[in-house]
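A.B. asks: Take a look at data_11.csv, CSV, N, CA and C atoms:
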chain,number,residue,atom,x,y,z
A,1,MET,N,56.4,3.8,-46.4
A,1,MET,CA,56.2,5.2,-46.8
A,1,MET,C,55.2,6.0,-46.0
A,2,PHE,N,54.2,5.3,-45.6
A,2,PHE,CA,53.2,6.0,-44.8
A,2,PHE,C,53.0,5.3,-43.4
A,3,ASP,N,52.6,6.0,-42.4
A,3,ASP,CA,52.3,5.4,-41.1
A,3,ASP,C,51.0,4.8,-41.1
A,4,HIS,N,50.0,5.4,-41.6
A,4,HIS,CA,48.6,4.9,-41.7
A,4,HIS,C,47.8,5.6,-42.7
A,5,ILE,N,46.8,5.0,-43.1
A,5,ILE,CA,45.8,5.7,-44.1
A,5,ILE,C,44.4,5.5,-43.5
A,6,GLY,N,43.6,6.5,-43.7
A,6,GLY,CA,42.2,6.4,-43.3
A,6,GLY,C,41.3,6.9,-44.3
A,7,PHE,N,40.1,6.3,-44.5
A,7,PHE,CA,39.2,6.8,-45.4
A,7,PHE,C,37.8,6.4,-45.0
A,8,GLY,N,36.8,7.1,-45.5
A,8,GLY,CA,35.4,6.9,-45.1
A,8,GLY,C,34.8,5.8,-46.0
A,9,VAL,N,33.9,5.1,-45.4
A,9,VAL,CA,33.2,4.0,-46.1
A,9,VAL,C,31.7,4.2,-45.8
A,10,SER,N,30.9,3.7,-46.7
A,10,SER,CA,29.4,3.9,-46.6
A,10,SER,C,28.8,3.0,-45.6
A,11,ASN,N,29.4,1.8,-45.3
A,11,ASN,CA,28.8,0.9,-44.3
A,11,ASN,C,30.0,0.3,-43.5
A,12,LEU,N,30.2,0.9,-42.3
A,12,LEU,CA,31.4,0.5,-41.5
A,12,LEU,C,31.4,-1.0,-41.2
A,13,ALA,N,30.3,-1.5,-40.8
A,13,ALA,CA,30.2,-3.0,-40.5
A,13,ALA,C,30.6,-3.8,-41.7
A,14,GLN,N,30.1,-3.5,-42.8
A,14,GLN,CA,30.4,-4.3,-44.0
A,14,GLN,C,31.8,-4.2,-44.4
A,15,SER,N,32.4,-3.0,-44.4
A,15,SER,CA,33.8,-2.7,-44.8
A,15,SER,C,34.7,-3.4,-43.8
A,16,LYS,N,34.4,-3.3,-42.5
A,16,LYS,CA,35.2,-3.9,-41.5
A,16,LYS,C,35.3,-5.4,-41.7
A,17,GLN,N,34.2,-6.0,-41.9
A,17,GLN,CA,34.2,-7.4,-42.2
A,17,GLN,C,35.0,-7.8,-43.4
A,18,PHE,N,34.7,-7.0,-44.5
A,18,PHE,CA,35.4,-7.3,-45.8
A,18,PHE,C,36.9,-7.2,-45.6
A,19,PHE,N,37.4,-6.1,-45.1
A,19,PHE,CA,38.9,-5.9,-44.9
A,19,PHE,C,39.5,-7.0,-44.0
A,20,LEU,N,38.8,-7.2,-42.9
A,20,LEU,CA,39.4,-8.2,-41.9
A,20,LEU,C,39.4,-9.6,-42.6
A,21,GLU,N,38.4,-10.0,-43.3
A,21,GLU,CA,38.4,-11.3,-44.0
A,21,GLU,C,39.4,-11.4,-45.1
A,22,ALA,N,39.4,-10.3,-46.0
A,22,ALA,CA,40.3,-10.3,-47.1
A,22,ALA,C,41.7,-10.2,-46.8
A,23,LEU,N,42.1,-9.5,-45.7
A,23,LEU,CA,43.5,-9.3,-45.3
A,23,LEU,C,43.9,-10.3,-44.2
A,24,ALA,N,43.1,-11.2,-43.8
A,24,ALA,CA,43.5,-12.2,-42.8
A,24,ALA,C,44.7,-13.0,-43.3
A,25,PRO,N,44.8,-13.4,-44.5
A,25,PRO,CA,46.0,-14.1,-45.0
A,25,PRO,C,47.3,-13.3,-44.8
A,26,LEU,N,47.2,-12.0,-44.7
A,26,LEU,CA,48.3,-11.1,-44.6
A,26,LEU,C,48.6,-10.8,-43.1
A,27,LYS,N,47.9,-11.5,-42.2
A,27,LYS,CA,48.1,-11.4,-40.8
A,27,LYS,C,47.6,-10.0,-40.3
A,28,VAL,N,46.6,-9.5,-40.9
A,28,VAL,CA,46.0,-8.2,-40.5
A,28,VAL,C,44.8,-8.5,-39.6
A,29,THR,N,44.7,-7.8,-38.4
A,29,THR,CA,43.7,-8.0,-37.5
A,29,THR,C,43.1,-6.7,-37.0
A,30,LEU,N,42.0,-6.8,-36.3
A,30,LEU,CA,41.4,-5.6,-35.7
A,30,LEU,C,42.3,-5.2,-34.5
A,31,VAL,N,42.6,-3.9,-34.5
A,31,VAL,CA,43.5,-3.4,-33.4
A,31,VAL,C,42.8,-2.5,-32.5
A,32,MET,N,41.9,-1.6,-33.1
A,32,MET,CA,41.2,-0.6,-32.2
A,32,MET,C,39.8,-0.4,-32.8
A,33,GLU,N,38.9,-0.1,-32.0
A,33,GLU,CA,37.5,0.1,-32.4
A,33,GLU,C,36.8,1.1,-31.4
A,34,GLY,N,36.1,2.0,-32.0
A,34,GLY,CA,35.4,3.0,-31.1
A,34,GLY,C,34.4,3.8,-31.9
A,35,PRO,N,33.9,4.9,-31.3
A,35,PRO,CA,33.0,5.7,-32.1
A,35,PRO,C,33.6,6.5,-33.3
A,36,TYR,N,34.9,6.5,-33.3
A,36,TYR,CA,35.6,7.2,-34.4
A,36,TYR,C,35.8,6.2,-35.6
A,37,GLY,N,35.6,4.9,-35.4
A,37,GLY,CA,35.8,4.0,-36.5
A,37,GLY,C,36.6,2.8,-36.0
A,38,VAL,N,37.2,2.1,-37.0
A,38,VAL,CA,38.1,1.0,-36.7
A,38,VAL,C,39.5,1.1,-37.2
A,39,GLY,N,40.4,0.6,-36.5
A,39,GLY,CA,41.8,0.6,-36.9
A,39,GLY,C,42.3,-0.9,-37.1
A,40,ILE,N,42.8,-1.2,-38.2
A,40,ILE,CA,43.2,-2.6,-38.4
A,40,ILE,C,44.7,-2.5,-38.9
A,41,GLY,N,45.4,-3.6,-38.6
A,41,GLY,CA,46.8,-3.7,-39.0
A,41,GLY,C,47.5,-4.9,-38.5
A,42,GLN,N,48.8,-4.9,-38.6
A,42,GLN,CA,49.6,-6.0,-38.1
A,42,GLN,C,50.4,-5.7,-36.9
A,43,ASN,N,50.7,-6.7,-36.1
A,43,ASN,CA,51.5,-6.5,-34.9
A,43,ASN,C,50.9,-5.4,-33.9
A,44,ASN,N,49.6,-5.4,-33.8
A,44,ASN,CA,48.9,-4.5,-32.8
A,44,ASN,C,49.1,-3.0,-33.2
A,45,LYS,N,49.4,-2.7,-34.5
A,45,LYS,CA,49.6,-1.3,-34.9
A,45,LYS,C,48.5,-1.0,-36.0
A,46,PRO,N,47.6,-0.1,-35.7
A,46,PRO,CA,46.6,0.3,-36.7
A,46,PRO,C,47.2,1.0,-37.9
A,47,SER,N,47.1,0.5,-39.0
A,47,SER,CA,47.7,1.1,-40.3
A,47,SER,C,46.6,1.5,-41.2
A,48,LEU,N,45.4,0.9,-41.1
A,48,LEU,CA,44.3,1.2,-42.0
A,48,LEU,C,43.1,1.6,-41.0
A,49,TRP,N,42.6,2.9,-41.2
A,49,TRP,CA,41.5,3.4,-40.4
A,49,TRP,C,40.3,3.5,-41.3
A,50,LEU,N,39.2,3.0,-40.8
A,50,LEU,CA,37.9,3.1,-41.6
A,50,LEU,C,36.9,3.8,-40.7
A,51,PHE,N,36.1,4.8,-41.3
A,51,PHE,CA,35.1,5.4,-40.5
A,51,PHE,C,33.9,5.6,-41.5
A,52,GLU,N,32.7,5.6,-40.9
A,52,GLU,CA,31.5,5.7,-41.7
A,52,GLU,C,31.2,7.1,-42.1
A,53,THR,N,30.8,7.3,-43.4
A,53,THR,CA,30.4,8.6,-43.9
A,53,THR,C,29.6,8.4,-45.1
A,54,GLN,N,28.8,9.4,-45.4
A,54,GLN,CA,28.0,9.3,-46.7
A,54,GLN,C,28.6,10.2,-47.8
A,55,GLU,N,29.8,10.8,-47.5
A,55,GLU,CA,30.5,11.5,-48.5
A,55,GLU,C,31.0,10.5,-49.5
A,56,ARG,N,31.2,11.0,-50.7
A,56,ARG,CA,31.6,10.1,-51.8
A,56,ARG,C,32.9,10.6,-52.4
A,57,PRO,N,34.1,10.2,-51.9
A,57,PRO,CA,35.3,10.6,-52.5
A,57,PRO,C,35.6,9.6,-53.7
A,58,ALA,N,36.6,10.0,-54.5
A,58,ALA,CA,37.0,9.1,-55.6
A,58,ALA,C,37.5,7.8,-55.0
A,59,HIS,N,37.4,6.8,-55.9
A,59,HIS,CA,37.9,5.4,-55.5
A,59,HIS,C,39.4,5.4,-55.2
A,60,LEU,N,39.8,4.6,-54.3
A,60,LEU,CA,41.2,4.5,-54.0
A,60,LEU,C,41.8,3.2,-54.5
A,61,HIS,N,43.1,3.2,-54.7
A,61,HIS,CA,43.9,1.9,-54.9
A,61,HIS,C,44.7,1.7,-53.7
A,62,LEU,N,44.4,0.6,-53.0
A,62,LEU,CA,45.1,0.2,-51.8
A,62,LEU,C,45.9,-1.1,-52.0
A,63,ALA,N,47.2,-1.0,-51.9
A,63,ALA,CA,48.1,-2.2,-52.2
A,63,ALA,C,48.7,-2.6,-50.8
A,64,PHE,N,48.5,-3.8,-50.5
A,64,PHE,CA,49.0,-4.4,-49.2
A,64,PHE,C,50.2,-5.3,-49.5
A,65,VAL,N,51.2,-5.3,-48.7
A,65,VAL,CA,52.4,-6.1,-48.8
A,65,VAL,C,52.1,-7.5,-48.5
A,66,ALA,N,52.4,-8.4,-49.3
A,66,ALA,CA,52.3,-9.9,-49.0
A,66,ALA,C,53.8,-10.4,-49.0
A,67,THR,N,54.0,-11.3,-48.1
A,67,THR,CA,55.4,-11.8,-47.9
A,67,THR,C,55.7,-12.9,-48.9
A,68,SER,N,54.7,-13.5,-49.6
A,68,SER,CA,54.9,-14.5,-50.5
A,68,SER,C,53.8,-14.6,-51.6
A,69,ARG,N,54.0,-15.3,-52.6
A,69,ARG,CA,53.0,-15.4,-53.6
A,69,ARG,C,51.8,-16.2,-53.1
A,70,VAL,N,52.1,-17.1,-52.2
A,70,VAL,CA,51.0,-17.9,-51.5
A,70,VAL,C,50.1,-17.0,-50.8
A,71,GLU,N,50.6,-16.0,-50.1
A,71,GLU,CA,49.8,-15.0,-49.4
A,71,GLU,C,48.9,-14.2,-50.4
A,72,VAL,N,49.5,-13.9,-51.5
A,72,VAL,CA,48.7,-13.2,-52.6
A,72,VAL,C,47.5,-14.0,-53.0
A,73,ASP,N,47.8,-15.3,-53.3
A,73,ASP,CA,46.7,-16.2,-53.7
A,73,ASP,C,45.7,-16.3,-52.6
A,74,ALA,N,46.1,-16.4,-51.3
A,74,ALA,CA,45.2,-16.6,-50.2
A,74,ALA,C,44.4,-15.3,-50.0
A,75,PHE,N,45.0,-14.1,-50.2
A,75,PHE,CA,44.3,-12.9,-50.1
A,75,PHE,C,43.2,-12.9,-51.2
A,76,TYR,N,43.5,-13.2,-52.4
A,76,TYR,CA,42.5,-13.1,-53.5
A,76,TYR,C,41.3,-14.0,-53.2
A,77,LYS,N,41.6,-15.2,-52.7
A,77,LYS,CA,40.5,-16.2,-52.4
A,77,LYS,C,39.7,-15.7,-51.2
A,78,ALA,N,40.3,-15.1,-50.2
A,78,ALA,CA,39.6,-14.6,-49.0
A,78,ALA,C,38.8,-13.4,-49.4
A,79,ALA,N,39.4,-12.5,-50.2
A,79,ALA,CA,38.7,-11.3,-50.6
A,79,ALA,C,37.4,-11.6,-51.4
A,80,LEU,N,37.5,-12.5,-52.3
A,80,LEU,CA,36.3,-12.9,-53.1
A,80,LEU,C,35.3,-13.5,-52.2
A,81,ALA,N,35.7,-14.4,-51.2
A,81,ALA,CA,34.8,-15.0,-50.3
A,81,ALA,C,34.1,-14.0,-49.4
A,82,ALA,N,34.8,-12.8,-49.1
A,82,ALA,CA,34.3,-11.8,-48.3
A,82,ALA,C,33.4,-10.8,-49.1
A,83,GLY,N,33.2,-11.1,-50.3
A,83,GLY,CA,32.2,-10.3,-51.1
A,83,GLY,C,32.9,-9.3,-52.1
A,84,GLY,N,34.2,-9.4,-52.2
A,84,GLY,CA,35.0,-8.6,-53.2
A,84,GLY,C,34.7,-9.1,-54.6
A,85,LYS,N,34.9,-8.2,-55.6
A,85,LYS,CA,34.7,-8.5,-57.0
A,85,LYS,C,36.0,-8.6,-57.7
A,86,ASP,N,36.2,-9.6,-58.5
A,86,ASP,CA,37.5,-9.8,-59.2
A,86,ASP,C,37.9,-8.6,-60.0
A,87,ASN,N,39.1,-8.2,-59.9
A,87,ASN,CA,39.7,-7.1,-60.7
A,87,ASN,C,41.0,-7.4,-61.2
A,88,GLY,N,41.4,-8.7,-61.2
A,88,GLY,CA,42.7,-9.2,-61.6
A,88,GLY,C,43.2,-10.3,-60.8
A,89,ALA,N,43.1,-11.5,-61.3
A,89,ALA,CA,43.5,-12.8,-60.6
A,89,ALA,C,45.0,-12.7,-60.3
A,90,PRO,N,45.4,-13.5,-59.3
A,90,PRO,CA,46.8,-13.6,-58.9
A,90,PRO,C,47.7,-13.9,-60.1
A,91,GLY,N,48.8,-13.2,-60.3
A,91,GLY,CA,49.7,-13.5,-61.4
A,91,GLY,C,50.8,-12.4,-61.5
A,92,LEU,N,51.7,-12.7,-62.3
A,92,LEU,CA,52.8,-11.8,-62.6
A,92,LEU,C,52.3,-10.6,-63.3
A,93,ARG,N,52.9,-9.4,-63.0
A,93,ARG,CA,52.6,-8.2,-63.8
A,93,ARG,C,53.9,-7.7,-64.3
A,94,PRO,N,54.5,-8.3,-65.3
A,94,PRO,CA,55.8,-7.9,-65.8
A,94,PRO,C,55.9,-6.5,-66.3
A,95,HIS,N,54.8,-5.9,-66.6
A,95,HIS,CA,54.9,-4.5,-67.1
A,95,HIS,C,55.3,-3.6,-65.9
A,96,CYS,N,55.1,-4.1,-64.6
A,96,CYS,CA,55.6,-3.3,-63.5
A,96,CYS,C,57.1,-3.7,-63.2
A,97,HIS,N,57.4,-4.9,-63.0
A,97,HIS,CA,58.7,-5.5,-63.0
A,97,HIS,C,58.6,-7.0,-63.0
A,98,PRO,N,59.7,-7.7,-63.3
A,98,PRO,CA,59.6,-9.1,-63.6
A,98,PRO,C,59.1,-10.0,-62.4
A,99,ASN,N,59.2,-9.5,-61.2
A,99,ASN,CA,58.8,-10.3,-60.0
A,99,ASN,C,57.5,-9.8,-59.3
A,100,TYR,N,56.9,-8.8,-60.0
A,100,TYR,CA,55.6,-8.2,-59.4
A,100,TYR,C,54.5,-9.2,-59.5
A,101,TYR,N,54.1,-9.8,-58.4
A,101,TYR,CA,53.1,-10.8,-58.3
A,101,TYR,C,51.9,-10.2,-57.5
A,102,GLY,N,50.8,-9.9,-58.1
A,102,GLY,CA,49.7,-9.3,-57.4
A,102,GLY,C,48.4,-9.9,-57.8
A,103,ALA,N,47.4,-9.5,-57.0
A,103,ALA,CA,46.0,-9.8,-57.2
A,103,ALA,C,45.1,-8.6,-56.8
A,104,PHE,N,44.0,-8.4,-57.5
A,104,PHE,CA,43.2,-7.2,-57.3
A,104,PHE,C,41.7,-7.6,-57.1
A,105,VAL,N,41.1,-6.9,-56.2
A,105,VAL,CA,39.6,-7.1,-56.0
A,105,VAL,C,39.0,-5.7,-55.8
A,106,ILE,N,37.8,-5.6,-56.1
A,106,ILE,CA,37.0,-4.3,-55.8
A,106,ILE,C,36.3,-4.6,-54.5
A,107,GLY,N,36.5,-3.7,-53.5
A,107,GLY,CA,35.9,-3.8,-52.2
A,107,GLY,C,34.5,-3.2,-52.2
A,108,PRO,N,33.8,-3.2,-51.1
A,108,PRO,CA,32.4,-2.8,-50.9
A,108,PRO,C,32.1,-1.3,-51.4
A,109,ASP,N,33.1,-0.4,-51.4
A,109,ASP,CA,32.8,0.9,-51.8
A,109,ASP,C,33.5,1.2,-53.1
A,110,GLY,N,33.9,0.2,-53.9
A,110,GLY,CA,34.5,0.4,-55.2
A,110,GLY,C,36.0,0.6,-55.2
A,111,HIS,N,36.6,0.5,-54.1
A,111,HIS,CA,38.1,0.7,-54.0
A,111,HIS,C,38.8,-0.5,-54.6
A,112,ASN,N,39.8,-0.3,-55.3
A,112,ASN,CA,40.7,-1.3,-55.9
A,112,ASN,C,41.7,-1.8,-54.8
A,113,VAL,N,41.5,-3.0,-54.3
A,113,VAL,CA,42.3,-3.5,-53.2
A,113,VAL,C,43.2,-4.6,-53.7
A,114,GLU,N,44.5,-4.5,-53.4
A,114,GLU,CA,45.5,-5.3,-54.0
A,114,GLU,C,46.4,-5.9,-52.9
A,115,ALA,N,46.9,-7.1,-53.1
A,115,ALA,CA,48.0,-7.7,-52.4
A,115,ALA,C,49.1,-8.0,-53.4
A,116,VAL,N,50.3,-7.6,-53.0
A,116,VAL,CA,51.4,-7.8,-53.9
A,116,VAL,C,52.7,-8.3,-53.2
A,117,CYS,N,53.4,-9.1,-53.9
A,117,CYS,CA,54.7,-9.7,-53.5
A,117,CYS,C,55.7,-9.3,-54.5
A,118,HIS,N,56.8,-8.7,-54.1
A,118,HIS,CA,57.8,-8.3,-55.1
A,118,HIS,C,59.0,-9.3,-55.2
A,119,LYS,N,58.9,-10.4,-54.5
A,119,LYS,CA,60.0,-11.4,-54.4
A,119,LYS,C,59.9,-12.3,-55.6
A,120,PRO,N,61.0,-12.9,-56.0
A,120,PRO,CA,61.0,-13.9,-57.0
A,120,PRO,C,60.4,-15.2,-56.4
A,121,GLU,N,59.9,-16.1,-57.3
A,121,GLU,CA,59.2,-17.3,-56.8
A,121,GLU,C,60.3,-18.1,-56.0
A,122,ALA,N,59.8,-18.7,-54.9
A,122,ALA,CA,60.7,-19.5,-54.1
A,122,ALA,C,61.1,-20.8,-54.7
Just give me the structure as C-alpha cells.

C.D. replies:
Amino acid sequence: MFDHIGFGVSNLAQSKQFFLEALAPLKVTLVMEGPYGVGIGQNNKPSLWLFETQERPAHLHLAFVATSRVEVDAFYKAALAAGGKDNGAPGLRPHCHPNYYGAFVIGPDGHNVEAVCHKPEA
C-alpha cells in the first residue's frame, strides 16, 4: 500500500541499531545512510526512513510483513534483545482474523512495532 514511510527519532544511532536488529529475521538491512538519515528495507530498497529530530509526534504503529510464524517469533526475540519492550508475545489474534499471527514490541521512541504473518500454520 505504501512505497516507504519515514519518521523522526530522538536518537538516530539507537533507533538504527534497534530496527536493524529487530527486523533482521525479516531480512531487512541497511540500504542507504547519509546526513539525511538512514534507509532500511529488503532487496536493496529503502522502505523505512529514520532521521533524528527533537520534535515529538504521536506514537506510530508499524507492522512489518513476516513470511512465516517462525519469522514472527524470531522478530520478537530479536526485538527484545535489541532493547524493545514487550507489548504482546507472538500468537494468534483471532479478533483480527483466524490466521493473524503477530508479535508486538515498543521501540526506543515508544512506537508499537509489529511483525505479522497472515498465513495459516504450515

A.B. asks: Name the residues in contact with Glu55 of chain A at a cut-off of 8 Å, using only C-alpha atoms, excluding same-chain residues fewer than 2 positions from it; report them as a PyMOL selection string.

C.D. replies: chain A and resi 8+10+53+57

A.B. asks: Print the selection's residues with N, CA and C atoms to a file, as a PDB file, in the coordinates of the input.

C.D. replies:
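So again.pdb came out as:
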ATOM      1  N   GLY A   8      36.800   7.100 -45.500  1.00  0.00           N
ATOM      2  CA  GLY A   8      35.400   6.900 -45.100  1.00  0.00           C
ATOM      3  C   GLY A   8      34.800   5.800 -46.000  1.00  0.00           C
ATOM      4  N   SER A  10      30.900   3.700 -46.700  1.00  0.00           N
ATOM      5  CA  SER A  10      29.400   3.900 -46.600  1.00  0.00           C
ATOM      6  C   SER A  10      28.800   3.000 -45.600  1.00  0.00           C
ATOM      7  N   THR A  53      30.800   7.300 -43.400  1.00  0.00           N
ATOM      8  CA  THR A  53      30.400   8.600 -43.900  1.00  0.00           C
ATOM      9  C   THR A  53      29.600   8.400 -45.100  1.00  0.00           C
ATOM     10  N   PRO A  57      34.100  10.200 -51.900  1.00  0.00           N
ATOM     11  CA  PRO A  57      35.300  10.600 -52.500  1.00  0.00           C
ATOM     12  C   PRO A  57      35.600   9.600 -53.700  1.00  0.00           C
TER      13      PRO A  57
END

A.B. asks: Of the candidates A:Phe64, A:Phe51, A:Tyr76, A:Tyr100, which one gets nearest to Val9 of chain A if we count only N, CA and C atoms?

C.D. replies: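 The closest residue to Val9 of chain A is A:Phe51.
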
A.B. asks: Taking all atoms listed in the file into account, which of A:Phe19, A:Val31, A:Ile106, A:Ile5 comes nearest Asn87 of chain A?

C.D. replies: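 Of all the options, A:Ile106 lies closest to Asn87 of chain A.
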
A.B. asks: Looking at A:Asn43, A:Tyr101, A:Leu26, A:Pro108, which one is nearest to Ala82 of chain A, with distances taken over all atoms listed in the file?

C.D. replies: A:Pro108

A.B. asks: Considering only C-alpha atoms, can you say which of A:Asp73, A:His95, A:Lys85, A:Val65 comes closest to Lys119 of chain A?

C.D. replies: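 Among A:Asp73, A:His95, A:Lys85, A:Val65, it is A:Val65 that comes nearest to Lys119 of chain A.
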
A.B. asks: Which is closest to Ala78 of chain A among A:Asn112, A:Leu23, A:Leu60, A:Cys117, if we use only N, CA and C atoms?

C.D. replies: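 Of all the options, A:Leu23 lies closest to Ala78 of chain A.
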
A.B. asks: Could you give me, as a list in words, each residue of segment 22-116 of chain A that DSSP assigns to alpha helix (DSSP H) when run on this structure's backbone?

C.D. replies: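 These are the residues in question: Ala22, Leu23, Arg69, Val70, Glu71, Val72, Asp73, Ala74, Phe75, Tyr76, Lys77, Ala78, Ala79, Leu80 and Ala81 of chain A.
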
A.B. asks: Using all atoms listed in the file, which protein or nucleic acid residues come within 6.5 Å of Val116 of chain A? Drop anything in the same chain fewer than 2 positions from it, and give the result as a VMD selection string.

C.D. replies: chain A and resid 63 to 67 72 101 to 103 114 118

A.B. asks: I want to know what sits within 9 Å of Asn44 of chain A, based on only C-alpha atoms, with residues of the same chain fewer than 3 positions away left out; could you give that as number ranges by chain?

C.D. replies: A: 29-32, 40-41

A.B. asks: Report the distance between atom CA of Lys77 of chain A and atom CA of Asp3 of chain A in Å, rounded to one decimal place.

C.D. replies: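 That distance, rounded to one decimal, is 27.1 Å.
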
A.B. asks: Work out how far apart atom C of His61 of chain A and atom N of Trp49 of chain A are and give it in Å to one decimal.

C.D. replies: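 One can read the atom C of His61 of chain A to atom N of Trp49 of chain A distance as 12.7 Å.
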
A.B. asks: Mind giving me the straight-line distance from atom N of Arg69 of chain A to atom C of Gly110 of chain A in Å, one decimal?

C.D. replies: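 Between atom N of Arg69 of chain A and atom C of Gly110 of chain A the gap is 24.2 Å.
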
A.B. asks: Give the answer as one residue: which of A:Glu52, A:Glu33, A:Asp86, A:Glu21 has the shortest atom-to-atom distance to Ala74 of chain A, using only C-alpha atoms?

C.D. replies: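 The answer is A:Glu21, which sits nearest to Ala74 of chain A.
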
A.B. asks: As a PyMOL selection string, please: every residue in chain A that a backbone DSSP assignment puts in strand (DSSP E).

C.D. replies: chain A and resi 5-9+29-34+37-42+45-52+61-65+85-86+91-92+101-106+112-117
